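Student: File follows, work-v3.pdb with PDB, C-alpha atoms:
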MODEL        1
ATOM      1  CA  MET H   1     -12.413 -18.676 -13.236
ATOM      2  CA  ALA H   2      -9.442 -16.460 -12.090
ATOM      3  CA  PHE H   3     -11.040 -15.203  -8.840
ATOM      4  CA  THR H   4     -14.525 -15.627  -7.401
ATOM      5  CA  LEU H   5     -15.935 -14.253  -4.142
ATOM      6  CA  ILE H   6     -18.914 -16.131  -2.668
ATOM      7  CA  ASN H   7     -21.360 -15.394   0.138
ATOM      8  CA  ASP H   8     -20.552 -18.168   2.615
ATOM      9  CA  LYS H   9     -24.119 -18.152   3.906
ATOM     10  CA  ASP H  10     -26.164 -18.735   0.740
ATOM     11  CA  LYS H  11     -23.359 -19.518  -1.781
ATOM     12  CA  SER H  12     -24.339 -16.643  -4.084
ATOM     13  CA  VAL H  13     -21.553 -15.112  -6.187
ATOM     14  CA  LEU H  14     -20.736 -11.574  -5.021
ATOM     15  CA  HIS H  15     -17.891 -10.857  -7.430
ATOM     16  CA  ARG H  16     -16.098 -12.659 -10.253
ATOM     17  CA  ASN H  17     -12.915 -11.389 -11.870
ATOM     18  CA  THR H  18     -12.412 -13.272 -15.148
ATOM     19  CA  LEU H  19      -8.821 -12.259 -15.793
ATOM     20  CA  SER H  20      -6.696 -14.971 -17.378
ATOM     21  CA  ALA H  21      -2.936 -15.345 -17.675
ATOM     22  CA  LYS H  22      -3.250 -14.042 -21.242
ATOM     23  CA  ASP H  23      -4.893 -10.822 -20.000
ATOM     24  CA  PHE H  24      -1.773 -10.013 -17.946
ATOM     25  CA  HIS H  25       0.041  -9.484 -21.271
ATOM     26  CA  SER H  26      -2.499  -7.363 -23.118
ATOM     27  CA  PRO H  27      -0.954  -5.131 -25.843
ATOM     28  CA  GLN H  28      -2.776  -2.197 -24.248
ATOM     29  CA  MET H  29      -3.016  -1.205 -20.606
ATOM     30  CA  LYS H  30      -6.400  -2.239 -19.191
ATOM     31  CA  ASP H  31      -7.926   0.300 -16.843
ATOM     32  CA  ASP H  32     -11.189  -0.696 -15.123
ATOM     33  CA  TRP H  33     -13.341   0.907 -12.434
ATOM     34  CA  MET H  34     -16.422  -0.706 -10.910
ATOM     35  CA  THR H  35     -18.800  -0.406  -7.966
ATOM     36  CA  ILE H  36     -20.643  -3.459  -6.594
ATOM     37  CA  THR H  37     -23.570  -3.104  -4.191
ATOM     38  CA  ASN H  38     -25.242  -6.010  -2.403
ATOM     39  CA  GLU H  39     -26.821  -6.907   0.924
ATOM     40  CA  HIS H  40     -23.418  -6.858   2.655
ATOM     41  CA  GLY H  41     -22.538  -3.318   1.601
ATOM     42  CA  GLU H  42     -20.597  -1.686  -1.233
ATOM     43  CA  MET H  43     -17.280  -2.447  -2.935
ATOM     44  CA  LYS H  44     -15.453   0.118  -5.068
ATOM     45  CA  PHE H  45     -12.737  -1.390  -7.197
ATOM     46  CA  LYS H  46     -10.065  -0.054  -9.576
ATOM     47  CA  GLN H  47      -7.543  -2.122 -11.519
ATOM     48  CA  TRP H  48      -4.786  -1.697 -14.109
ATOM     49  CA  VAL H  49      -3.270  -4.607 -16.075
ATOM     50  CA  PHE H  50      -0.114  -4.402 -18.215
ATOM     51  CA  ASP H  51       3.151  -6.247 -19.034
ATOM     52  CA  GLY H  52       2.553  -9.226 -16.731
ATOM     53  CA  VAL H  53       1.500  -6.953 -13.861
ATOM     54  CA  ARG H  54      -1.854  -6.171 -12.253
ATOM     55  CA  MET H  55      -2.462  -3.339  -9.788
ATOM     56  CA  ALA H  56      -5.749  -3.105  -7.897
ATOM     57  CA  PHE H  57      -7.246  -0.784  -5.286
ATOM     58  CA  SER H  58     -10.409  -1.716  -3.382
ATOM     59  CA  ASP H  59     -12.539   0.099  -0.829
ATOM     60  CA  TRP H  60     -15.182  -2.085   0.859
ATOM     61  CA  SER H  61     -17.874  -0.831   3.215
ATOM     62  CA  PHE H  62     -19.724  -3.581   5.113
ATOM     63  CA  LYS H  63     -22.895  -3.370   7.184
ATOM     64  CA  LYS H  64     -21.661  -6.049   9.606
ATOM     65  CA  PRO H  65     -18.784  -8.545   9.977
ATOM     66  CA  VAL H  66     -18.980 -11.311   7.381
ATOM     67  CA  THR H  67     -17.236 -14.492   6.242
ATOM     68  CA  LEU H  68     -16.831 -14.988   2.500
ATOM     69  CA  SER H  69     -15.560 -17.921   0.446
ATOM     70  CA  TRP H  70     -13.075 -17.397  -2.363
ATOM     71  CA  GLN H  71     -11.641 -19.422  -5.227
ATOM     72  CA  GLY H  72      -8.777 -18.547  -7.540
ATOM     73  CA  ASP H  73      -6.650 -20.244 -10.171
ATOM     74  CA  LEU H  74      -4.202 -17.609 -11.419
ATOM     75  CA  ASP H  75      -0.518 -18.514 -11.048
ATOM     76  CA  VAL H  76       0.528 -15.160  -9.560
ATOM     77  CA  VAL H  77       2.620 -13.522  -6.846
ATOM     78  CA  THR H  78       0.519 -11.052  -4.835
ATOM     79  CA  MET H  79       1.865  -8.113  -2.848
ATOM     80  CA  TYR H  80      -0.956  -7.128  -0.486
ATOM     81  CA  TYR H  81      -1.194  -3.802   1.358
ATOM     82  CA  SER H  82      -3.857  -3.481   4.055
ATOM     83  CA  LEU H  83      -4.430   0.290   4.057
ATOM     84  CA  LYS H  84      -7.388   0.298   6.438
ATOM     85  CA  GLY H  85      -9.007  -2.424   8.530
ATOM     86  CA  GLY H  86      -7.915  -6.035   8.742
ATOM     87  CA  VAL H  87      -8.708  -9.310   7.058
ATOM     88  CA  THR H  88      -7.997 -12.991   7.755
ATOM     89  CA  ILE H  89      -7.621 -15.240   4.720
ATOM     90  CA  GLY H  90      -7.221 -18.966   5.176
ATOM     91  CA  GLU H  91      -7.814 -22.412   3.794
ATOM     92  CA  ARG H  92     -10.843 -24.435   4.726
ATOM     93  CA  ASP H  93     -10.762 -27.237   7.290
ATOM     94  CA  GLY H  94      -8.243 -25.532   9.543
ATOM     95  CA  GLY H  95      -5.460 -25.167   6.981
ATOM     96  CA  GLU H  96      -2.872 -22.412   6.808
ATOM     97  CA  SER H  97      -4.171 -18.856   7.120
ATOM     98  CA  PHE H  98      -2.740 -15.351   7.280
ATOM     99  CA  GLU H  99      -3.999 -12.172   8.871
ATOM    100  CA  LEU H 100      -3.123  -8.662   7.808
ATOM    101  CA  ARG H 101      -4.062  -5.853  10.162
ATOM    102  CA  ASN H 102      -4.333  -2.128   9.535
ATOM    103  CA  ASN H 103      -1.234  -0.696   7.777
ATOM    104  CA  GLN H 104       0.514  -4.014   7.136
ATOM    105  CA  GLN H 105       1.988  -5.587   3.999
ATOM    106  CA  ASN H 106       3.329  -8.922   2.807
ATOM    107  CA  THR H 107       3.720 -10.951  -0.378
ATOM    108  CA  TYR H 108       2.165 -14.344  -1.151
ATOM    109  CA  TYR H 109       2.433 -16.957  -3.851
ATOM    110  CA  GLY H 110      -0.043 -19.680  -4.751
ATOM    111  CA  ASN H 111      -2.279 -20.986  -7.519
ATOM    112  CA  GLU H 112      -5.482 -23.009  -7.790
ATOM    113  CA  ALA H 113      -6.429 -22.151  -4.219
ATOM    114  CA  ALA H 114      -9.693 -21.822  -2.297
ATOM    115  CA  GLY H 115     -10.534 -20.757   1.209
ATOM    116  CA  VAL H 116     -12.376 -18.344   3.444
ATOM    117  CA  MET H 117     -12.036 -14.621   4.056
ATOM    118  CA  LYS H 118     -13.098 -13.403   7.503
ATOM    119  CA  ILE H 119     -13.836  -9.683   7.656
ATOM    120  CA  ASP H 120     -14.325  -8.160  11.121
ATOM    121  CA  ASP H 121     -13.897  -4.461  10.244
ATOM    122  CA  LEU H 122     -16.717  -2.574   8.543
ATOM    123  CA  ARG H 123     -14.327  -0.612   6.275
ATOM    124  CA  ILE H 124     -11.568  -2.342   4.345
ATOM    125  CA  LYS H 125      -9.194  -0.505   2.022
ATOM    126  CA  SER H 126      -6.421  -2.380   0.266
ATOM    127  CA  PHE H 127      -3.934  -2.166  -2.576
ATOM    128  CA  MET H 128      -2.659  -5.221  -4.460
ATOM    129  CA  LEU H 129       0.237  -5.619  -6.835
ATOM    130  CA  GLN H 130       0.276  -8.922  -8.711
ATOM    131  CA  PHE H 131       2.962 -10.349 -11.007
ATOM    132  CA  ASP H 132       2.452 -13.388 -13.157
ATOM    133  CA  ARG H 133       5.021 -16.027 -12.283
ATOM    134  CA  GLU H 134       7.403 -15.311 -15.176
ATOM    135  CA  ALA H 135       7.307 -11.531 -14.648
ATOM    136  CA  PHE H 136       8.073 -11.922 -10.940
ATOM    137  CA  LEU H 137      11.023 -14.251 -11.505
ATOM    138  CA  ARG H 138      12.397 -11.852 -14.105
ATOM    139  CA  ILE H 139      12.224  -8.870 -11.717
ATOM    140  CA  ALA H 140      13.107 -10.537  -8.391
ATOM    141  CA  GLY H 141      16.214 -12.432  -9.471
ATOM    142  CA  GLY H 142      18.637  -9.655  -8.517
ATOM    143  CA  GLY H 143      17.118  -8.760  -5.142
ATOM    144  CA  THR H 144      18.099  -9.346  -1.518
ATOM    145  CA  ASP H 145      18.939 -12.805  -0.205
ATOM    146  CA  GLU H 146      15.430 -13.060   1.278
ATOM    147  CA  LEU H 147      13.831 -12.092  -2.039
ATOM    148  CA  LYS H 148      16.000 -14.563  -3.949
ATOM    149  CA  PHE H 149      14.995 -17.327  -1.528
ATOM    150  CA  PHE H 150      11.310 -16.492  -2.047
ATOM    151  CA  ALA H 151      11.864 -16.394  -5.843
ATOM    152  CA  ASP H 152      13.310 -19.913  -5.632
ATOM    153  CA  GLN H 153      10.100 -21.053  -3.899
ATOM    154  CA  VAL H 154       8.030 -19.450  -6.651
ATOM    155  CA  ALA H 155      10.204 -21.066  -9.334
ATOM    156  CA  ALA H 156       9.553 -24.440  -7.689
ATOM    157  CA  ARG H 157       5.788 -23.610  -7.498
ATOM    158  CA  ARG H 158       5.755 -23.892  -3.697
ATOM    159  CA  SER H 159       3.051 -21.759  -2.076
ATOM    160  CA  GLY H 160       4.001 -19.456   0.792
ATOM    161  CA  CYS H 161       4.639 -15.904   1.942
ATOM    162  CA  PHE H 162       7.727 -13.718   1.538
ATOM    163  CA  ALA H 163       8.174 -12.305   5.051
ATOM    164  CA  THR H 164       7.832 -14.539   8.104
ATOM    165  CA  ILE H 165       6.179 -11.610   9.905
ATOM    166  CA  ASP H 166       3.830  -9.029   8.407
ATOM    167  CA  LEU H 167       5.591  -5.738   7.747
ATOM    168  CA  PRO H 168       4.396  -2.176   8.438
ATOM    169  CA  ILE H 169       3.587  -0.068   5.395
ATOM    170  CA  ASP H 170       6.472   2.382   5.504
ATOM    171  CA  LEU H 171       6.554   5.931   4.214
ATOM    172  CA  GLY H 172       8.187   5.065   0.885
ATOM    173  CA  SER H 173       5.617   2.381   0.080
ATOM    174  CA  GLN H 174       2.718   4.669   0.984
ATOM    175  CA  HIS H 175       4.133   7.400  -1.258
ATOM    176  CA  ALA H 176       4.510   4.949  -4.155
ATOM    177  CA  ILE H 177       0.895   3.772  -3.774
ATOM    178  CA  ASP H 178      -0.327   7.388  -3.560
ATOM    179  CA  ALA H 179       1.624   8.222  -6.729
ATOM    180  CA  ILE H 180      -0.065   5.334  -8.563
ATOM    181  CA  MET H 181      -3.528   6.334  -7.362
ATOM    182  CA  ASN H 182      -3.005  10.007  -8.316
ATOM    183  CA  CYS H 183      -1.225   9.428 -11.647
ATOM    184  CA  LYS H 184      -2.576  11.594 -14.480
ATOM    185  CA  PHE H 185      -0.161  10.561 -17.234
ATOM    186  CA  ALA H 186      -1.393   9.452 -20.647
ATOM    187  CA  GLU H 187      -1.269   5.686 -21.271
ATOM    188  CA  SER H 188       2.175   5.627 -22.941
ATOM    189  CA  LEU H 189       3.823   7.345 -19.968
ATOM    190  CA  LYS H 190       1.543   5.728 -17.388
ATOM    191  CA  ARG H 191       2.694   2.265 -18.444
ATOM    192  CA  ILE H 192       6.364   3.156 -17.870
ATOM    193  CA  PHE H 193       5.574   4.990 -14.632
ATOM    194  CA  PHE H 194       3.493   2.135 -13.203
ATOM    195  CA  LEU H 195       6.136  -0.457 -14.048
ATOM    196  CA  SER H 196       8.766   1.658 -12.268
ATOM    197  CA  LYS H 197       6.479   1.924  -9.218
ATOM    198  CA  ALA H 198       5.875  -1.842  -9.238
ATOM    199  CA  MET H 199       9.622  -2.473  -9.071
ATOM    200  CA  GLU H 200      10.012   0.259  -6.448
ATOM    201  CA  LEU H 201       7.375  -1.358  -4.199
ATOM    202  CA  LEU H 202       9.069  -4.738  -4.521
ATOM    203  CA  VAL H 203      12.455  -3.246  -3.611
ATOM    204  CA  LEU H 204      10.968  -1.294  -0.684
ATOM    205  CA  GLN H 205       9.291  -4.370   0.775
ATOM    206  CA  ALA H 206      12.470  -6.427   0.463
ATOM    207  CA  ASP H 207      14.430  -3.635   2.151
ATOM    208  CA  ALA H 208      11.821  -3.336   4.926
ATOM    209  CA  TYR H 209      12.118  -7.064   5.634
ATOM    210  CA  SER H 210      15.919  -6.880   5.705
ATOM    211  CA  ARG H 211      15.731  -4.033   8.230
ATOM    212  CA  VAL H 212      13.357  -6.007  10.442
ATOM    213  CA  LEU H 213      15.673  -9.029  10.409
ATOM    214  CA  SER H 214      18.707  -6.931  11.311
ATOM    215  CA  LYS H 215      17.127  -4.917  14.152
ATOM    216  CA  LYS H 216      18.437  -5.513  17.661
ATOM    217  CA  THR H 217      16.154  -3.115  19.534
ATOM    218  CA  ASN H 218      12.386  -3.393  19.605
ATOM    219  CA  TYR H 219      10.615  -0.388  21.094
ATOM    220  CA  ILE H 220       7.140  -1.535  20.101
ATOM    221  CA  LYS H 221       6.111  -4.106  22.689
ATOM    222  CA  SER H 222       2.414  -4.635  21.922
ATOM    223  CA  ASP H 223      -0.327  -4.251  19.321
ATOM    224  CA  TYR H 224      -1.618  -1.322  21.394
ATOM    225  CA  ASP H 225       1.703   0.539  21.005
ATOM    226  CA  ARG H 226       1.685  -0.111  17.282
ATOM    227  CA  ASP H 227      -1.912   1.041  16.813
ATOM    228  CA  ARG H 228      -1.260   4.233  18.826
ATOM    229  CA  ILE H 229       1.720   5.107  16.640
ATOM    230  CA  PHE H 230      -0.341   4.632  13.472
ATOM    231  CA  PHE H 231      -3.033   6.822  15.053
ATOM    232  CA  ALA H 232      -0.395   9.489  15.767
ATOM    233  CA  ARG H 233       0.798   9.382  12.155
ATOM    234  CA  ASP H 234      -2.730   9.725  10.779
ATOM    235  CA  HIS H 235      -3.543  12.580  13.163
ATOM    236  CA  MET H 236      -0.376  14.438  12.194
ATOM    237  CA  LEU H 237      -1.091  14.100   8.470
ATOM    238  CA  GLN H 238      -4.691  15.237   8.960
ATOM    239  CA  HIS H 239      -3.335  18.442  10.560
ATOM    240  CA  ILE H 240      -0.432  18.924   8.174
ATOM    241  CA  ASP H 241      -0.865  22.720   8.112
ATOM    242  CA  MET H 242      -0.702  23.098  11.930
ATOM    243  CA  PRO H 243       0.724  19.851  13.348
ATOM    244  CA  PRO H 244       0.868  19.307  17.117
ATOM    245  CA  SER H 245       4.185  19.243  18.941
ATOM    246  CA  ILE H 246       5.590  15.835  19.823
ATOM    247  CA  PRO H 247       4.449  16.092  23.494
ATOM    248  CA  GLN H 248       0.965  17.103  22.304
ATOM    249  CA  LEU H 249       0.903  14.275  19.759
ATOM    250  CA  ALA H 250       1.915  11.761  22.437
ATOM    251  CA  ARG H 251      -0.948  12.905  24.693
ATOM    252  CA  ILE H 252      -3.462  12.787  21.823
ATOM    253  CA  ALA H 253      -2.340   9.276  20.845
ATOM    254  CA  GLY H 254      -2.221   7.961  24.410
ATOM    255  CA  ILE H 255       1.413   6.852  24.384
ATOM    256  CA  ASN H 256       4.504   8.200  26.135
ATOM    257  CA  GLU H 257       6.753  10.560  24.211
ATOM    258  CA  PHE H 258       9.855   8.340  24.262
ATOM    259  CA  LYS H 259       7.997   5.320  22.904
ATOM    260  CA  LEU H 260       6.261   7.472  20.275
ATOM    261  CA  LYS H 261       9.539   8.842  18.904
ATOM    262  CA  LYS H 262      11.462   5.561  19.000
ATOM    263  CA  GLY H 263       8.535   3.453  17.822
ATOM    264  CA  TYR H 264       7.777   5.861  14.980
ATOM    265  CA  LYS H 265      11.315   5.541  13.646
ATOM    266  CA  GLU H 266      11.133   1.767  14.091
ATOM    267  CA  LEU H 267       7.884   1.465  12.105
ATOM    268  CA  PHE H 268       8.450   4.011   9.355
ATOM    269  CA  GLY H 269      12.224   4.404   9.106
ATOM    270  CA  ASN H 270      11.896   8.157   9.602
ATOM    271  CA  THR H 271      11.403  10.673  12.399
ATOM    272  CA  ILE H 272       7.993  12.251  13.011
ATOM    273  CA  PHE H 273       8.972  15.629  11.601
ATOM    274  CA  GLY H 274      11.041  14.054   8.828
ATOM    275  CA  HIS H 275       7.889  12.241   7.758
ATOM    276  CA  LEU H 276       5.895  15.479   8.031
ATOM    277  CA  ALA H 277       8.377  17.315   5.801
ATOM    278  CA  GLU H 278       8.206  14.583   3.134
ATOM    279  CA  ALA H 279       4.403  14.453   3.259
ATOM    280  CA  ARG H 280       4.183  18.226   2.790
ATOM    281  CA  LEU H 281       6.425  18.089  -0.275
ATOM    282  CA  GLU H 282       4.442  15.160  -1.736
ATOM    283  CA  GLN H 283       1.228  17.159  -1.382
ATOM    284  CA  SER H 284       2.838  20.301  -2.753
ATOM    285  CA  ILE H 285       3.970  18.719  -6.019
ATOM    286  CA  ARG H 286       0.470  17.334  -6.649
ATOM    287  CA  ALA H 287      -1.034  20.763  -5.936
ATOM    288  CA  LEU H 288       1.465  22.461  -8.276
ATOM    289  CA  GLN H 289       0.743  20.039 -11.101
ATOM    290  CA  GLU H 290      -3.011  20.467 -10.737
ATOM    291  CA  GLY H 291      -2.416  24.154 -11.377
ATOM    292  CA  ASN H 292      -5.367  25.572  -9.409
ATOM    293  CA  LYS H 293      -3.369  27.461  -6.755
ATOM    294  CA  ASN H 294      -0.393  29.782  -6.746
ATOM    295  CA  ILE H 295       2.865  28.929  -5.008
ATOM    296  CA  ALA H 296       2.299  31.216  -2.019
ATOM    297  CA  ASP H 297      -1.139  29.702  -1.295
ATOM    298  CA  ILE H 298       0.265  26.161  -1.457
ATOM    299  CA  ALA H 299       3.157  27.050   0.863
ATOM    300  CA  PHE H 300       0.966  28.580   3.558
ATOM    301  CA  GLN H 301      -1.777  25.930   3.334
ATOM    302  CA  LEU H 302       0.841  23.252   3.991
ATOM    303  CA  GLY H 303       2.184  25.090   7.048
ATOM    304  CA  TYR H 304       5.425  26.593   5.719
ATOM    305  CA  SER H 305       6.482  29.773   7.523
ATOM    306  CA  SER H 306       7.384  31.512   4.254
ATOM    307  CA  VAL H 307       7.451  31.005   0.496
ATOM    308  CA  GLN H 308      11.261  31.130   0.667
ATOM    309  CA  HIS H 309      11.339  28.255   3.170
ATOM    310  CA  PHE H 310       8.992  26.215   0.967
ATOM    311  CA  SER H 311      10.991  26.942  -2.200
ATOM    312  CA  ALA H 312      14.294  25.960  -0.568
ATOM    313  CA  ALA H 313      12.867  22.665   0.760
ATOM    314  CA  PHE H 314      11.220  21.902  -2.585
ATOM    315  CA  LYS H 315      14.375  22.515  -4.606
ATOM    316  CA  LYS H 316      16.472  20.440  -2.203
ATOM    317  CA  ARG H 317      14.089  17.476  -2.631
ATOM    318  CA  TYR H 318      13.245  17.686  -6.365
ATOM    319  CA  GLY H 319      16.189  19.594  -7.840
ATOM    320  CA  VAL H 320      14.036  22.364  -9.335
ATOM    321  CA  PRO H 321      12.161  25.313  -7.770
ATOM    322  CA  PRO H 322       8.355  25.138  -7.436
ATOM    323  CA  SER H 323       7.916  27.554 -10.343
ATOM    324  CA  GLU H 324       9.593  25.058 -12.716
ATOM    325  CA  ALA H 325       7.538  22.133 -11.414
ATOM    326  CA  LYS H 326       4.366  24.149 -12.026
ATOM    327  CA  LYS H 327       5.335  24.612 -15.695
ATOM    328  CA  MET H 328       5.899  20.851 -16.107
ATOM    329  CA  ARG H 329       2.280  19.836 -15.395
TER
ENDMDL
END
Using structure tokens, write down the structure from this file.
Tutor:
Amino acid sequence: MAFTLINDKDKSVLHRNTLSAKDFHSPQMKDDWMTITNEHGEMKFKQWVFDGVRMAFSDWSFKKPVTLSWQGDLDVVTMYYSLKGGVTIGERDGGESFELRNNQQNTYYGNEAAGVMKIDDLRIKSFMLQFDREAFLRIAGGGTDELKFFADQVAARRSGCFATIDLPIDLGSQHAIDAIMNCKFAESLKRIFFLSKAMELLVLQADAYSRVLSKKTNYIKSDYDRDRIFFARDHMLQHIDMPPSIPQLARIAGINEFKLKKGYKELFGNTIFGHLAEARLEQSIRALQEGNKNIADIAFQLGYSSVQHFSAAFKKRYGVPPSEAKKMR
């Protein structure tokens, strides 16, 4: 069975993923893309399976809020990233449930489970990273104390979640997911690259949880503050070529400047303009490797004041000038 999604109203099967434990160890990387359309809306789905690991990206568009039933029997650890919208997943009859809101992440373990999925947002985008039990224990054994504790629970086959509170999707994790989604390597290199990104995401989430546990100051006091800071981030990245000043961004987001700056660092582990600088360089290397634009055009489209400024920032981050990166595509 692996995983089945059922319309809770008429019990019709909306989606069935027939992956088995054996499929997680296919000699070749499996790369699937599908689109499912039904009376609820449309689901676009992409997955990669290799070396005991499964990565999956989904983009669901619903016509109205809906409750779905699900069943699954894979013995896997699931890292779930809610990129847009929110979802509540729980057991039937009032059992344990978890809710991930926009821009949150956590990791879960369980097998042979069934429950309900309540979807209130009309657009849901998510990324999942799944390890079969043996692969996870192999990778997680040398992690933080919190990760080792969770690995012990997995080894004992006790269901549960890694972090006691859902974590924000920080800048490093978002970059790693973007790199996976935009990867253009051939299969031999893609396999190595994806495995490195899987381990990177696991390390980043463990580090994010450790930072949360060690924090003494909490500048974000409400869900409203948190949502406004995510709105500010998205607005800044949408205007990466001509970003607003911090006072302008605070007014646009509807939050005071002090709380925006402190809360931004608290959520993402970086300053607003530090994040902007990293995002520009991430976009620039993709543009260089696509090869459609010259270096000057890329620099000015991303808001750099000069090609020299862009080249200096690029070399400081990647160790080579943009001209060398362009040759490496």
Student: In Å to one decimal, how far is atom CA of Arg191 of chain H from atom CA of Lys326 of chain H?
Tutor: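 Between atom CA of Lys326 of chain H and atom CA of Arg191 of chain H the gap works out to 22.9 Å.
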Student: Please provide as a ChimeraX atom specification all residues within 9 Å of Pro65 of chain H, with the sequence filter that same-chain residues fewer than 3 positions apart are discarded (counting only C-alpha atoms).
Tutor: /H:40,62,118-122
Student: What does the distance between atom CA of Gly110 of chain H and atom CA of Phe131 of chain H come to in Å, to one decimal place?
Tutor: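 Atom-to-atom, atom CA of Gly110 of chain H and atom CA of Phe131 of chain H are spaced 11.6 Å apart.
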Student: Excluding Ile246 of chain H and its own-chain neighbours fewer than 2 positions away, which residues fall within 9 Å of it when counting all atoms listed in the file? Please give them as a count of residues only.
Tutor: 10
Student: Just say which residues the PyMOL selection byres ((chain H and resi 82) around 6) picks in this file, as a list of chain:residue names.
Tutor: H:Tyr81, H:Leu83, H:Lys84, H:Asn102, H:Asn103, H:Gln104, H:Ser126
Student: Some atoms are absent from segment 293-307 of chain H, so rebuild N, CA and C atoms and return them as a PDB file, keeping the file's coordinate frame.
Tutor:
ATOM      1  N   LYS H 293      -3.778  26.536  -7.806  1.00  0.00           N
ATOM      2  CA  LYS H 293      -3.369  27.461  -6.755  1.00  0.00           C
ATOM      3  C   LYS H 293      -1.987  28.021  -7.066  1.00  0.00           C
ATOM      4  N   ASN H 294      -1.730  29.230  -6.550  1.00  0.00           N
ATOM      5  CA  ASN H 294      -0.393  29.782  -6.746  1.00  0.00           C
ATOM      6  C   ASN H 294       0.558  29.252  -5.682  1.00  0.00           C
ATOM      7  N   ILE H 295       1.829  29.502  -5.874  1.00  0.00           N
ATOM      8  CA  ILE H 295       2.865  28.929  -5.008  1.00  0.00           C
ATOM      9  C   ILE H 295       2.733  29.410  -3.572  1.00  0.00           C
ATOM     10  N   ALA H 296       2.427  30.682  -3.375  1.00  0.00           N
ATOM     11  CA  ALA H 296       2.299  31.216  -2.019  1.00  0.00           C
ATOM     12  C   ALA H 296       1.154  30.538  -1.263  1.00  0.00           C
ATOM     13  N   ASP H 297       0.012  30.347  -1.941  1.00  0.00           N
ATOM     14  CA  ASP H 297      -1.139  29.702  -1.295  1.00  0.00           C
ATOM     15  C   ASP H 297      -0.793  28.275  -0.873  1.00  0.00           C
ATOM     16  N   ILE H 298      -0.110  27.548  -1.758  1.00  0.00           N
ATOM     17  CA  ILE H 298       0.265  26.161  -1.457  1.00  0.00           C
ATOM     18  C   ILE H 298       1.209  26.130  -0.253  1.00  0.00           C
ATOM     19  N   ALA H 299       2.184  27.023  -0.234  1.00  0.00           N
ATOM     20  CA  ALA H 299       3.157  27.050   0.863  1.00  0.00           C
ATOM     21  C   ALA H 299       2.470  27.275   2.205  1.00  0.00           C
ATOM     22  N   PHE H 300       1.585  28.252   2.275  1.00  0.00           N
ATOM     23  CA  PHE H 300       0.966  28.580   3.558  1.00  0.00           C
ATOM     24  C   PHE H 300      -0.082  27.551   3.969  1.00  0.00           C
ATOM     25  N   GLN H 301      -0.788  26.964   3.002  1.00  0.00           N
ATOM     26  CA  GLN H 301      -1.777  25.930   3.334  1.00  0.00           C
ATOM     27  C   GLN H 301      -1.120  24.669   3.863  1.00  0.00           C
ATOM     28  N   LEU H 302       0.126  24.429   3.495  1.00  0.00           N
ATOM     29  CA  LEU H 302       0.841  23.252   3.991  1.00  0.00           C
ATOM     30  C   LEU H 302       1.669  23.547   5.243  1.00  0.00           C
ATOM     31  N   GLY H 303       1.565  24.787   5.763  1.00  0.00           N
ATOM     32  CA  GLY H 303       2.184  25.090   7.048  1.00  0.00           C
ATOM     33  C   GLY H 303       3.593  25.640   6.990  1.00  0.00           C
ATOM     34  N   TYR H 304       4.087  26.005   5.793  1.00  0.00           N
ATOM     35  CA  TYR H 304       5.425  26.593   5.719  1.00  0.00           C
ATOM     36  C   TYR H 304       5.377  28.022   6.245  1.00  0.00           C
ATOM     37  N   SER H 305       6.446  28.437   6.921  1.00  0.00           N
ATOM     38  CA  SER H 305       6.482  29.773   7.523  1.00  0.00           C
ATOM     39  C   SER H 305       6.652  30.869   6.484  1.00  0.00           C
ATOM     40  N   SER H 306       7.196  30.519   5.310  1.00  0.00           N
ATOM     41  CA  SER H 306       7.384  31.512   4.254  1.00  0.00           C
ATOM     42  C   SER H 306       7.498  30.799   2.912  1.00  0.00           C
ATOM     43  N   VAL H 307       7.278  31.555   1.841  1.00  0.00           N
ATOM     44  CA  VAL H 307       7.451  31.005   0.496  1.00  0.00           C
ATOM     45  C   VAL H 307       8.911  30.626   0.271  1.00  0.00           C
TER      46      VAL H 307
END
